[in-house]
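Structure data (mmCIF, C-alpha atoms) from target29.cif:
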```
data_run
#
loop_
_atom_site.label_atom_id
_atom_site.label_comp_id
_atom_site.auth_asym_id
_atom_site.auth_seq_id
_atom_site.Cartn_x
_atom_site.Cartn_y
_atom_site.Cartn_z
CA MET R 1 -3.15 5.73 9.51
CA ASP R 2 -4.54 2.83 11.56
CA GLU R 3 -7.18 2.12 8.91
CA LEU R 4 -4.59 2.03 6.15
CA LEU R 5 -2.19 -0.23 8.08
CA HIS R 6 -5.06 -2.56 8.94
CA PHE R 7 -5.95 -2.70 5.24
CA LEU R 8 -2.39 -3.47 4.16
CA LEU R 9 -2.00 -6.17 6.83
CA THR R 10 -5.37 -7.92 6.60
CA GLU R 11 -6.69 -7.50 3.05
CA ALA R 12 -6.27 -10.62 0.94
CA PRO R 13 -2.90 -10.29 -0.88
CA GLU R 14 -4.04 -12.12 -4.02
CA PRO R 15 -5.53 -9.38 -6.22
CA ALA R 16 -8.09 -10.29 -8.83
CA PRO R 17 -6.57 -9.91 -12.31
CA LEU R 18 -7.03 -6.56 -14.05
CA ASP R 19 -7.58 -6.97 -17.78
CA SER R 20 -8.02 -3.35 -18.80
CA LEU R 21 -7.58 0.24 -17.73
CA GLU R 22 -11.33 0.48 -17.19
CA ALA R 23 -11.15 -2.44 -14.76
CA TRP R 24 -8.34 -0.64 -12.94
CA TRP R 25 -10.44 2.53 -12.75
CA ARG R 26 -13.43 0.74 -11.22
CA ARG R 27 -11.21 -0.74 -8.52
CA HIS R 28 -9.40 2.56 -7.93
CA LEU R 29 -12.66 4.49 -7.68
CA ALA R 30 -13.99 2.09 -5.04
CA LEU R 31 -10.87 2.79 -2.97
CA ALA R 32 -11.15 6.55 -3.55
CA LEU R 33 -14.65 6.41 -2.08
CA ARG R 34 -13.41 4.36 0.88
CA PHE R 35 -10.29 6.33 1.90
CA ALA R 36 -10.42 10.08 2.51
CA SER R 37 -6.76 10.89 1.85
CA PRO R 38 -5.35 10.64 -1.71
CA VAL R 39 -2.09 9.16 -0.39
CA ASP R 40 -4.04 6.39 1.34
CA VAL R 41 -5.84 5.74 -1.95
CA ALA R 42 -2.42 5.49 -3.60
CA PHE R 43 -1.23 2.90 -1.05
CA ALA R 44 -4.44 0.89 -1.28
CA GLY R 45 -4.51 1.14 -5.07
CA GLY R 46 -0.97 -0.19 -5.20
CA PHE R 47 -1.83 -3.04 -2.84
CA THR R 48 -4.83 -4.16 -4.90
CA ALA R 49 -3.07 -3.87 -8.28
CA ASP R 50 -2.02 -7.06 -10.03
CA ARG R 51 1.01 -5.32 -11.57
CA LEU R 52 3.19 -2.28 -11.11
CA GLY R 53 1.63 -0.38 -14.01
CA TYR R 54 -1.78 -0.20 -12.37
CA ALA R 55 -0.16 0.69 -9.05
CA PHE R 56 1.50 3.62 -10.80
CA ALA R 57 -1.85 4.68 -12.27
CA SER R 58 -3.34 4.85 -8.77
CA GLY R 59 -0.36 6.83 -7.50
CA TYR R 60 -0.45 9.29 -10.39
CA HIS R 61 -4.18 9.90 -10.21
CA SER R 62 -4.02 10.30 -6.43
CA ALA R 63 -1.23 12.86 -6.86
CA VAL R 64 -3.41 14.98 -9.14
CA ARG R 65 -6.22 14.91 -6.59
CA ALA R 66 -3.79 15.79 -3.80
CA LEU R 67 -2.62 18.80 -5.80
CA LEU R 68 -6.24 19.87 -6.35
CA PRO R 69 -8.21 18.51 -3.39
CA GLY R 70 -11.48 20.03 -4.58
CA LEU R 71 -11.66 17.74 -7.62
CA PRO R 72 -14.56 15.25 -7.53
CA ARG R 73 -13.38 11.70 -6.91
CA GLU R 74 -15.63 10.25 -9.59
CA GLN R 75 -13.83 11.89 -12.52
CA ARG R 76 -10.57 10.90 -14.20
CA TYR R 77 -7.85 13.54 -14.59
CA ALA R 78 -4.65 14.11 -16.53
CA LEU R 79 -2.14 16.93 -16.11
CA CYS R 80 -1.05 18.36 -19.46
CA ALA R 81 2.29 20.14 -19.26
CA THR R 82 4.98 18.70 -21.57
CA GLU R 83 5.32 20.27 -25.01
CA SER R 84 7.70 19.74 -27.90
CA GLY R 85 10.28 21.90 -26.10
CA GLY R 86 9.94 19.98 -22.83
CA GLY R 87 8.26 20.65 -19.50
CA HIS R 88 10.12 23.77 -18.37
CA PRO R 89 7.98 26.92 -17.90
CA SER R 90 9.87 28.66 -20.68
CA ALA R 91 8.88 25.85 -23.09
CA MET R 92 5.15 26.43 -22.70
CA THR R 93 3.53 27.82 -25.84
CA THR R 94 -0.06 26.69 -25.30
CA ARG R 95 -1.91 29.99 -25.29
CA LEU R 96 -4.70 31.23 -23.03
CA THR R 97 -6.22 34.38 -24.49
CA ALA R 98 -7.96 37.22 -22.70
CA ALA R 99 -11.12 36.18 -24.54
CA GLY R 100 -11.05 32.80 -22.81
CA ARG R 101 -9.81 30.59 -25.65
CA LEU R 102 -7.16 27.88 -25.44
CA THR R 103 -4.85 26.79 -28.27
CA GLY R 104 -1.77 24.58 -28.28
CA ASP R 105 -0.31 21.08 -28.26
CA LYS R 106 0.79 18.84 -25.40
CA THR R 107 3.05 16.02 -26.49
CA PHE R 108 3.07 13.56 -23.58
CA VAL R 109 0.04 13.28 -21.29
CA THR R 110 -0.09 10.39 -18.83
CA LEU R 111 -3.54 8.75 -18.73
CA GLY R 112 -4.61 11.30 -21.34
CA SER R 113 -6.75 8.90 -23.35
CA LEU R 114 -8.66 7.88 -20.20
CA ALA R 115 -9.25 11.36 -18.81
CA ASP R 116 -12.62 13.00 -18.37
CA VAL R 117 -10.94 16.30 -17.46
CA LEU R 118 -7.64 17.73 -18.71
CA LEU R 119 -5.66 20.10 -16.50
CA VAL R 120 -3.73 22.21 -18.98
CA VAL R 121 -0.75 24.46 -18.21
CA ALA R 122 -0.98 27.48 -20.52
CA THR R 123 0.65 30.87 -20.90
CA GLU R 124 -1.11 34.23 -20.76
CA GLY R 125 1.97 35.93 -22.19
CA GLN R 126 5.18 37.20 -20.65
CA ASP R 127 5.82 39.38 -17.64
CA GLU R 128 8.09 42.44 -17.54
CA ARG R 129 11.13 40.15 -17.12
CA GLY R 130 10.27 38.08 -20.18
CA ARG R 131 9.08 35.03 -18.23
CA ASN R 132 5.97 33.08 -19.09
CA ARG R 133 2.93 33.89 -16.96
CA LEU R 134 1.36 30.45 -16.55
CA ARG R 135 -2.12 29.41 -15.52
CA LEU R 136 -3.76 26.03 -14.98
CA VAL R 137 -6.92 25.51 -17.00
CA ARG R 138 -9.55 22.82 -16.44
CA VAL R 139 -11.02 21.51 -19.71
CA ASP R 140 -13.58 18.79 -20.39
CA ALA R 141 -11.78 16.22 -22.56
CA ARG R 142 -14.86 15.99 -24.84
CA ARG R 143 -15.20 19.73 -25.44
CA PRO R 144 -15.17 20.89 -29.08
CA GLY R 145 -11.64 21.67 -30.23
CA VAL R 146 -10.01 19.03 -27.98
CA SER R 147 -8.49 16.01 -29.73
CA LEU R 148 -6.32 13.23 -28.34
CA SER R 149 -3.97 10.85 -30.16
CA ALA R 150 -2.66 7.74 -28.43
CA LEU R 151 1.11 7.31 -28.23
CA PRO R 152 2.82 3.90 -28.61
CA PRO R 153 3.10 1.92 -25.36
CA PRO R 154 6.35 2.59 -23.47
CA PRO R 155 8.86 -0.25 -22.87
CA PHE R 156 7.86 -0.42 -19.19
CA ILE R 157 4.43 -0.23 -17.51
CA PRO R 158 2.87 -0.54 -21.00
CA GLU R 159 -0.62 -0.78 -19.46
CA VAL R 160 -0.51 2.96 -18.67
CA PRO R 161 -1.45 4.95 -21.79
CA HIS R 162 0.01 8.27 -22.87
CA ALA R 163 -1.43 10.65 -25.42
CA GLN R 164 -0.81 13.79 -27.41
CA VAL R 165 -3.40 16.51 -26.89
CA ARG R 166 -4.31 19.18 -29.45
CA LEU R 167 -6.32 22.20 -28.38
CA GLU R 168 -7.74 24.24 -31.24
CA ASP R 169 -9.39 27.49 -30.13
CA VAL R 170 -11.17 25.74 -27.26
CA ALA R 171 -13.83 27.92 -25.64
CA LEU R 172 -13.59 28.09 -21.85
CA GLU R 173 -16.34 28.46 -19.31
CA PRO R 174 -16.44 30.49 -16.08
CA GLY R 175 -14.29 28.79 -13.46
CA ASP R 176 -12.16 26.85 -15.94
CA VAL R 177 -9.09 29.00 -15.26
CA LEU R 178 -7.95 28.08 -11.77
CA PRO R 179 -6.73 30.82 -9.40
CA GLY R 180 -3.04 31.10 -8.64
CA ASP R 181 0.22 31.03 -10.55
CA GLY R 182 0.25 28.01 -12.84
CA TYR R 183 3.89 27.24 -12.17
CA ALA R 184 4.43 28.11 -8.49
CA ARG R 185 1.02 26.89 -7.33
CA PHE R 186 0.61 23.78 -9.50
CA LEU R 187 3.33 22.63 -11.89
CA LYS R 188 6.40 22.99 -9.67
CA PRO R 189 4.96 21.32 -6.52
CA PHE R 190 3.39 18.53 -8.59
CA ARG R 191 6.81 16.98 -9.14
CA THR R 192 7.14 16.46 -5.38
CA VAL R 193 3.51 15.48 -4.86
CA GLU R 194 3.79 12.92 -7.66
CA ASP R 195 6.93 11.36 -6.16
CA CYS R 196 5.24 10.95 -2.76
CA HIS R 197 2.11 9.35 -4.18
CA VAL R 198 3.67 7.18 -6.88
CA PHE R 199 6.25 5.74 -4.47
CA ALA R 200 3.46 5.21 -1.92
CA ALA R 201 1.61 3.15 -4.53
CA VAL R 202 4.78 1.21 -5.36
CA LEU R 203 5.30 0.41 -1.68
CA GLY R 204 1.66 -0.68 -1.36
CA TRP R 205 2.17 -3.06 -4.28
CA LEU R 206 5.40 -4.39 -2.76
CA VAL R 207 3.64 -5.06 0.57
CA GLN R 208 1.14 -7.19 -1.33
CA VAL R 209 3.93 -9.05 -3.18
CA ALA R 210 5.83 -9.59 0.07
CA ARG R 211 2.78 -10.97 1.87
CA ARG R 212 1.72 -13.42 -0.83
CA SER R 213 5.30 -14.52 -1.54
CA ASP R 214 6.18 -15.21 2.10
CA TRP R 215 8.94 -12.66 2.43
CA PRO R 216 10.48 -12.51 5.93
CA ASP R 217 8.77 -10.42 8.59
CA ALA R 218 11.69 -7.97 8.59
CA ALA R 219 11.18 -7.21 4.89
CA ARG R 220 7.41 -6.79 5.19
CA GLU R 221 7.74 -4.58 8.24
CA GLY R 222 10.48 -2.60 6.54
CA LEU R 223 8.13 -1.88 3.65
CA LEU R 224 5.48 -0.69 6.10
CA ALA R 225 8.01 1.59 7.80
CA LEU R 226 9.00 3.12 4.47
CA GLY R 227 5.33 3.54 3.66
CA VAL R 228 4.64 5.42 6.89
CA THR R 229 7.56 7.71 6.04
CA LEU R 230 6.20 8.46 2.55
CA ARG R 231 2.74 9.08 3.97
CA GLY R 232 4.16 11.62 6.39
CA LEU R 233 6.09 13.37 3.62
CA ALA R 234 2.94 13.59 1.50
CA ALA R 235 1.36 15.71 4.23
CA LEU R 236 4.18 18.30 4.19
CA ASN R 237 4.52 21.45 2.12
CA PRO R 238 5.71 20.22 -1.32
CA ALA R 239 7.45 23.55 -1.95
CA SER R 240 9.62 23.37 1.18
CA PRO R 241 13.36 22.64 0.73
CA GLY R 242 13.19 20.60 3.94
CA THR R 243 10.54 18.36 2.37
CA HIS R 244 12.77 17.88 -0.68
CA LEU R 245 15.73 16.81 1.45
CA ALA R 246 13.67 14.40 3.52
CA LEU R 247 12.02 12.97 0.40
CA GLY R 248 15.41 12.48 -1.26
CA GLY R 249 16.62 10.59 1.78
CA ALA R 250 13.47 8.47 1.90
CA LEU R 251 13.79 7.48 -1.76
CA ASP R 252 17.43 6.56 -1.17
CA LEU R 253 16.24 4.24 1.60
CA VAL R 254 13.67 2.67 -0.71
CA ARG R 255 16.34 1.93 -3.32
CA GLU R 256 18.77 0.59 -0.71
CA ARG R 257 16.16 -1.72 0.77
CA LEU R 258 15.13 -2.99 -2.66
CA ASP R 259 18.77 -3.85 -3.39
CA THR R 260 19.02 -5.70 -0.07
CA TRP R 261 15.81 -7.64 -0.76
CA GLU R 262 16.76 -8.56 -4.33
CA PRO R 263 17.25 -12.30 -3.50
CA LEU R 264 13.67 -12.47 -2.19
CA TRP R 265 12.29 -12.14 -5.73
CA GLU R 266 13.18 -15.80 -6.22
CA ARG R 267 10.15 -16.54 -4.03
CA VAL R 268 7.79 -14.54 -6.29
CA ASP R 269 5.76 -16.16 -9.06
CA VAL R 270 7.32 -16.01 -12.52
CA THR R 271 4.77 -13.64 -14.09
CA THR R 272 5.08 -11.04 -11.33
CA ARG R 273 8.88 -11.35 -11.28
CA GLU R 274 9.18 -10.89 -15.04
CA ARG R 275 6.91 -7.85 -14.97
CA TRP R 276 8.98 -6.39 -12.14
CA GLU R 277 12.18 -6.79 -14.15
CA ARG R 278 10.51 -5.03 -17.07
CA ASP R 279 8.81 -2.27 -15.08
CA ARG R 280 11.29 -1.39 -12.34
CA ALA R 281 12.81 1.22 -14.66
CA LEU R 282 9.85 3.34 -13.52
CA LEU R 283 11.73 4.02 -10.27
CA ARG R 284 14.50 5.79 -12.19
CA VAL R 285 12.25 8.10 -14.22
CA ALA R 286 12.92 11.81 -13.55
CA GLY R 287 16.02 10.95 -11.52
CA LYS R 288 17.92 13.99 -12.81
CA VAL R 289 15.04 16.29 -11.89
CA ARG R 290 15.02 14.86 -8.36
CA GLU R 291 18.74 15.43 -7.96
CA LEU R 292 18.47 19.03 -9.16
CA ARG R 293 15.65 19.59 -6.69
CA ARG R 294 17.77 18.08 -3.93
CA GLU R 295 20.81 20.18 -4.79
CA SER R 296 18.68 23.32 -4.74
CA ALA R 297 17.27 22.33 -1.34
CA ARG R 298 20.76 21.81 0.07
CA GLY R 299 21.71 25.26 -1.18
CA ALA R 300 18.72 26.76 0.64
CA PHE R 301 20.28 25.59 3.90
CA GLY R 302 23.73 26.89 3.07
CA ARG R 303 25.19 23.53 2.13
CA GLU R 304 27.22 22.68 -0.94
CA ALA R 305 25.43 20.27 -3.28
#
```
Let me see the structure of the file written as structure tokens.
Amino acid sequence: MDELLHFLLTEAPEPAPLDSLEAWWRRHLALALRFASPVDVAFAGGFTADRLGYAFASGYHSAVRALLPGLPREQRYALCATESGGGHPSAMTTRLTAAGRLTGDKTFVTLGSLADVLLVVATEGQDERGRNRLRLVRVDARRPGVSLSALPPPPFIPEVPHAQVRLEDVALEPGDVLPGDGYARFLKPFRTVEDCHVFAAVLGWLVQVARRSDWPDAAREGLLALGVTLRGLAALNPASPGTHLALGGALDLVRERLDTWEPLWERVDVTTRERWERDRALLRVAGKVRELRRESARGAFGREA
């Protein structure tokens, strides 16, 4: 923690411009080799980003590595879950056969066009209760049978690409199918892991903006305090209802503080301020999913949602 705080407080707060996703990756990789913890990489990646989109990219990629800590830092990853029917386990039709072949389509893959390795949620069939039995499969993005199609840029954080992925009878190799239930072990906790790491990256970026725009000490220190909170939450069990309640409270505090500090954006340069107005919608993405998770967590402790 001391190393990260020292970085956020002493590193020059004027990031060199990033003109491409490849430039972002080179900077992110340097930080991934410097900091041991993925959540620290998310903070540092946010701090060194010249815009919120690249901060998000560092948070998302760090979340994937936090979910699968054995992944080499030097490779680029994308989690492939969403299909035409959505991201619910029952919507998964991408098929993993007993012969080790993978077939299906994923409709919305963040950083898909950049990825070296795709992490694909697939079904082995249904259990005795009619539920999908899911597995997570690691696939080289250049393997025969894998094709990616870029999607149009979204209205916010347009620098972050999304892709459709088609898998046509892709042959798997030993070790490609990861052990554990694909939903309980990977897909379900990723929603919490992603929130912790993406909001850590956002806070890192805001610390940088606050320092170079001469925000008051109280605002800068408040951002650091929120960051320490998110870092602590990232270390907890992402499947725990207690973690979900604490994370919900922490994100409420982030939103409340941002509302309080709204007048301070007048001190920020025009380009950064205009990008913030465009990109801040990112903070509302998956809001309904978060509330459902929170309601479920309250129920686990005998409280009405």
Report task. Go through R:Ala42, R:Val228, R:Val177, R:Val209 one by one, measure the shortest atom-to-atom distance of each to R:Val268 using only C-alpha atoms, and give the residue with the smallest value. Result ->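 Smallest distance to R:Val268 is found for R:Val209.
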Requested in this report: Counting all atoms listed in the file, figure out which residue out of R:Glu124, R:Asp105, R:Glu159, R:Glu83 gets nearest to R:Tyr54.
Outcome: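 Among R:Glu124, R:Asp105, R:Glu159, R:Glu83, it is R:Glu159 that comes nearest to R:Tyr54.
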Query raised in the report: If you measure from atom CA of R:His28 to atom CA of R:Val207, what distance in Å do you get, rounded to one decimal?
Result: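 So the answer is 17.3 Å.
Across R:Arg166, R:Arg76, R:Lys106, R:His88, the tightest approach to R:Arg131 is made by R:His88 when counting only C-alpha atoms.
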Requested in this report: Please provide as a list in words all residues within 9 Å of stretch 139-150 of chain R, with the sequence filter that same-chain residues fewer than 6 positions apart are discarded (counting only C-alpha atoms).
Outcome: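 Result of the neighbour search: Thr103, Gly112, Ser113, Ala115, Asp116, Val117, Leu118, Leu119, Val120, Pro161, His162, Ala163, Gln164, Val165, Arg166, Leu167, Glu168, Asp169, Val170, Ala171, Leu172, Glu173, Asp176 and Val177 of chain R.
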Okay, now the selection with C-alpha atoms, as an mmCIF file, in the coordinates of the input?
```
data_model
loop_
_atom_site.group_PDB
_atom_site.id
_atom_site.type_symbol
_atom_site.label_atom_id
_atom_site.label_comp_id
_atom_site.auth_asym_id
_atom_site.auth_seq_id
_atom_site.Cartn_x
_atom_site.Cartn_y
_atom_site.Cartn_z
ATOM 1 C CA THR R 103 -4.850 26.790 -28.270
ATOM 2 C CA GLY R 112 -4.610 11.300 -21.340
ATOM 3 C CA SER R 113 -6.750 8.900 -23.350
ATOM 4 C CA ALA R 115 -9.250 11.360 -18.810
ATOM 5 C CA ASP R 116 -12.620 13.000 -18.370
ATOM 6 C CA VAL R 117 -10.940 16.300 -17.460
ATOM 7 C CA LEU R 118 -7.640 17.730 -18.710
ATOM 8 C CA LEU R 119 -5.660 20.100 -16.500
ATOM 9 C CA VAL R 120 -3.730 22.210 -18.980
ATOM 10 C CA PRO R 161 -1.450 4.950 -21.790
ATOM 11 C CA HIS R 162 0.010 8.270 -22.870
ATOM 12 C CA ALA R 163 -1.430 10.650 -25.420
ATOM 13 C CA GLN R 164 -0.810 13.790 -27.410
ATOM 14 C CA VAL R 165 -3.400 16.510 -26.890
ATOM 15 C CA ARG R 166 -4.310 19.180 -29.450
ATOM 16 C CA LEU R 167 -6.320 22.200 -28.380
ATOM 17 C CA GLU R 168 -7.740 24.240 -31.240
ATOM 18 C CA ASP R 169 -9.390 27.490 -30.130
ATOM 19 C CA VAL R 170 -11.170 25.740 -27.260
ATOM 20 C CA ALA R 171 -13.830 27.920 -25.640
ATOM 21 C CA LEU R 172 -13.590 28.090 -21.850
ATOM 22 C CA GLU R 173 -16.340 28.460 -19.310
ATOM 23 C CA ASP R 176 -12.160 26.850 -15.940
ATOM 24 C CA VAL R 177 -9.090 29.000 -15.260
#
```
Query - Shortest interatomic distance to R:Leu264 - which of R:Asn132, R:Ser90, R:Thr110, R:Ser213, counting only C-alpha atoms - result: R:Ser213
Requested in this report: Step by step, work through what the PyMOL selection byres ((chain R and resi 60) around 12) selects in the shown file, and finish by giving those residues as a VMD selection string.
Outcome: chain R and resid 28 38 to 39 41 to 43 45 to 46 53 to 59 61 to 67 76 to 79 109 to 112 160 190 to 202
Based on the selection just made, write C-alpha atoms of those residues as a tab-separated table (two decimals), in the frame of the given file.
```tsv
chain	number	residue	atom	x	y	z
R	28	HIS	CA	-9.40	2.56	-7.93
R	38	PRO	CA	-5.35	10.64	-1.71
R	39	VAL	CA	-2.09	9.16	-0.39
R	41	VAL	CA	-5.84	5.74	-1.95
R	42	ALA	CA	-2.42	5.49	-3.60
R	43	PHE	CA	-1.23	2.90	-1.05
R	45	GLY	CA	-4.51	1.14	-5.07
R	46	GLY	CA	-0.97	-0.19	-5.20
R	53	GLY	CA	1.63	-0.38	-14.01
R	54	TYR	CA	-1.78	-0.20	-12.37
R	55	ALA	CA	-0.16	0.69	-9.05
R	56	PHE	CA	1.50	3.62	-10.80
R	57	ALA	CA	-1.85	4.68	-12.27
R	58	SER	CA	-3.34	4.85	-8.77
R	59	GLY	CA	-0.36	6.83	-7.50
R	61	HIS	CA	-4.18	9.90	-10.21
R	62	SER	CA	-4.02	10.30	-6.43
R	63	ALA	CA	-1.23	12.86	-6.86
R	64	VAL	CA	-3.41	14.98	-9.14
R	65	ARG	CA	-6.22	14.91	-6.59
R	66	ALA	CA	-3.79	15.79	-3.80
R	67	LEU	CA	-2.62	18.80	-5.80
R	76	ARG	CA	-10.57	10.90	-14.20
R	77	TYR	CA	-7.85	13.54	-14.59
R	78	ALA	CA	-4.65	14.11	-16.53
R	79	LEU	CA	-2.14	16.93	-16.11
R	109	VAL	CA	0.04	13.28	-21.29
R	110	THR	CA	-0.09	10.39	-18.83
R	111	LEU	CA	-3.54	8.75	-18.73
R	112	GLY	CA	-4.61	11.30	-21.34
R	160	VAL	CA	-0.51	2.96	-18.67
R	190	PHE	CA	3.39	18.53	-8.59
R	191	ARG	CA	6.81	16.98	-9.14
R	192	THR	CA	7.14	16.46	-5.38
R	193	VAL	CA	3.51	15.48	-4.86
R	194	GLU	CA	3.79	12.92	-7.66
R	195	ASP	CA	6.93	11.36	-6.16
R	196	CYS	CA	5.24	10.95	-2.76
R	197	HIS	CA	2.11	9.35	-4.18
R	198	VAL	CA	3.67	7.18	-6.88
R	199	PHE	CA	6.25	5.74	-4.47
R	200	ALA	CA	3.46	5.21	-1.92
R	201	ALA	CA	1.61	3.15	-4.53
R	202	VAL	CA	4.78	1.21	-5.36
```
Requested in this report: One decimal, Å: what's the distance from atom CA of R:Ala210 over to atom CA of R:Arg267, could you say?
Outcome: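 A separation of 9.2 Å between them.
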Requested in this report: Report the distance between atom CA of R:Thr94 and atom CA of R:Arg284 in Å, rounded to one decimal place.
Outcome: 28.6 Å
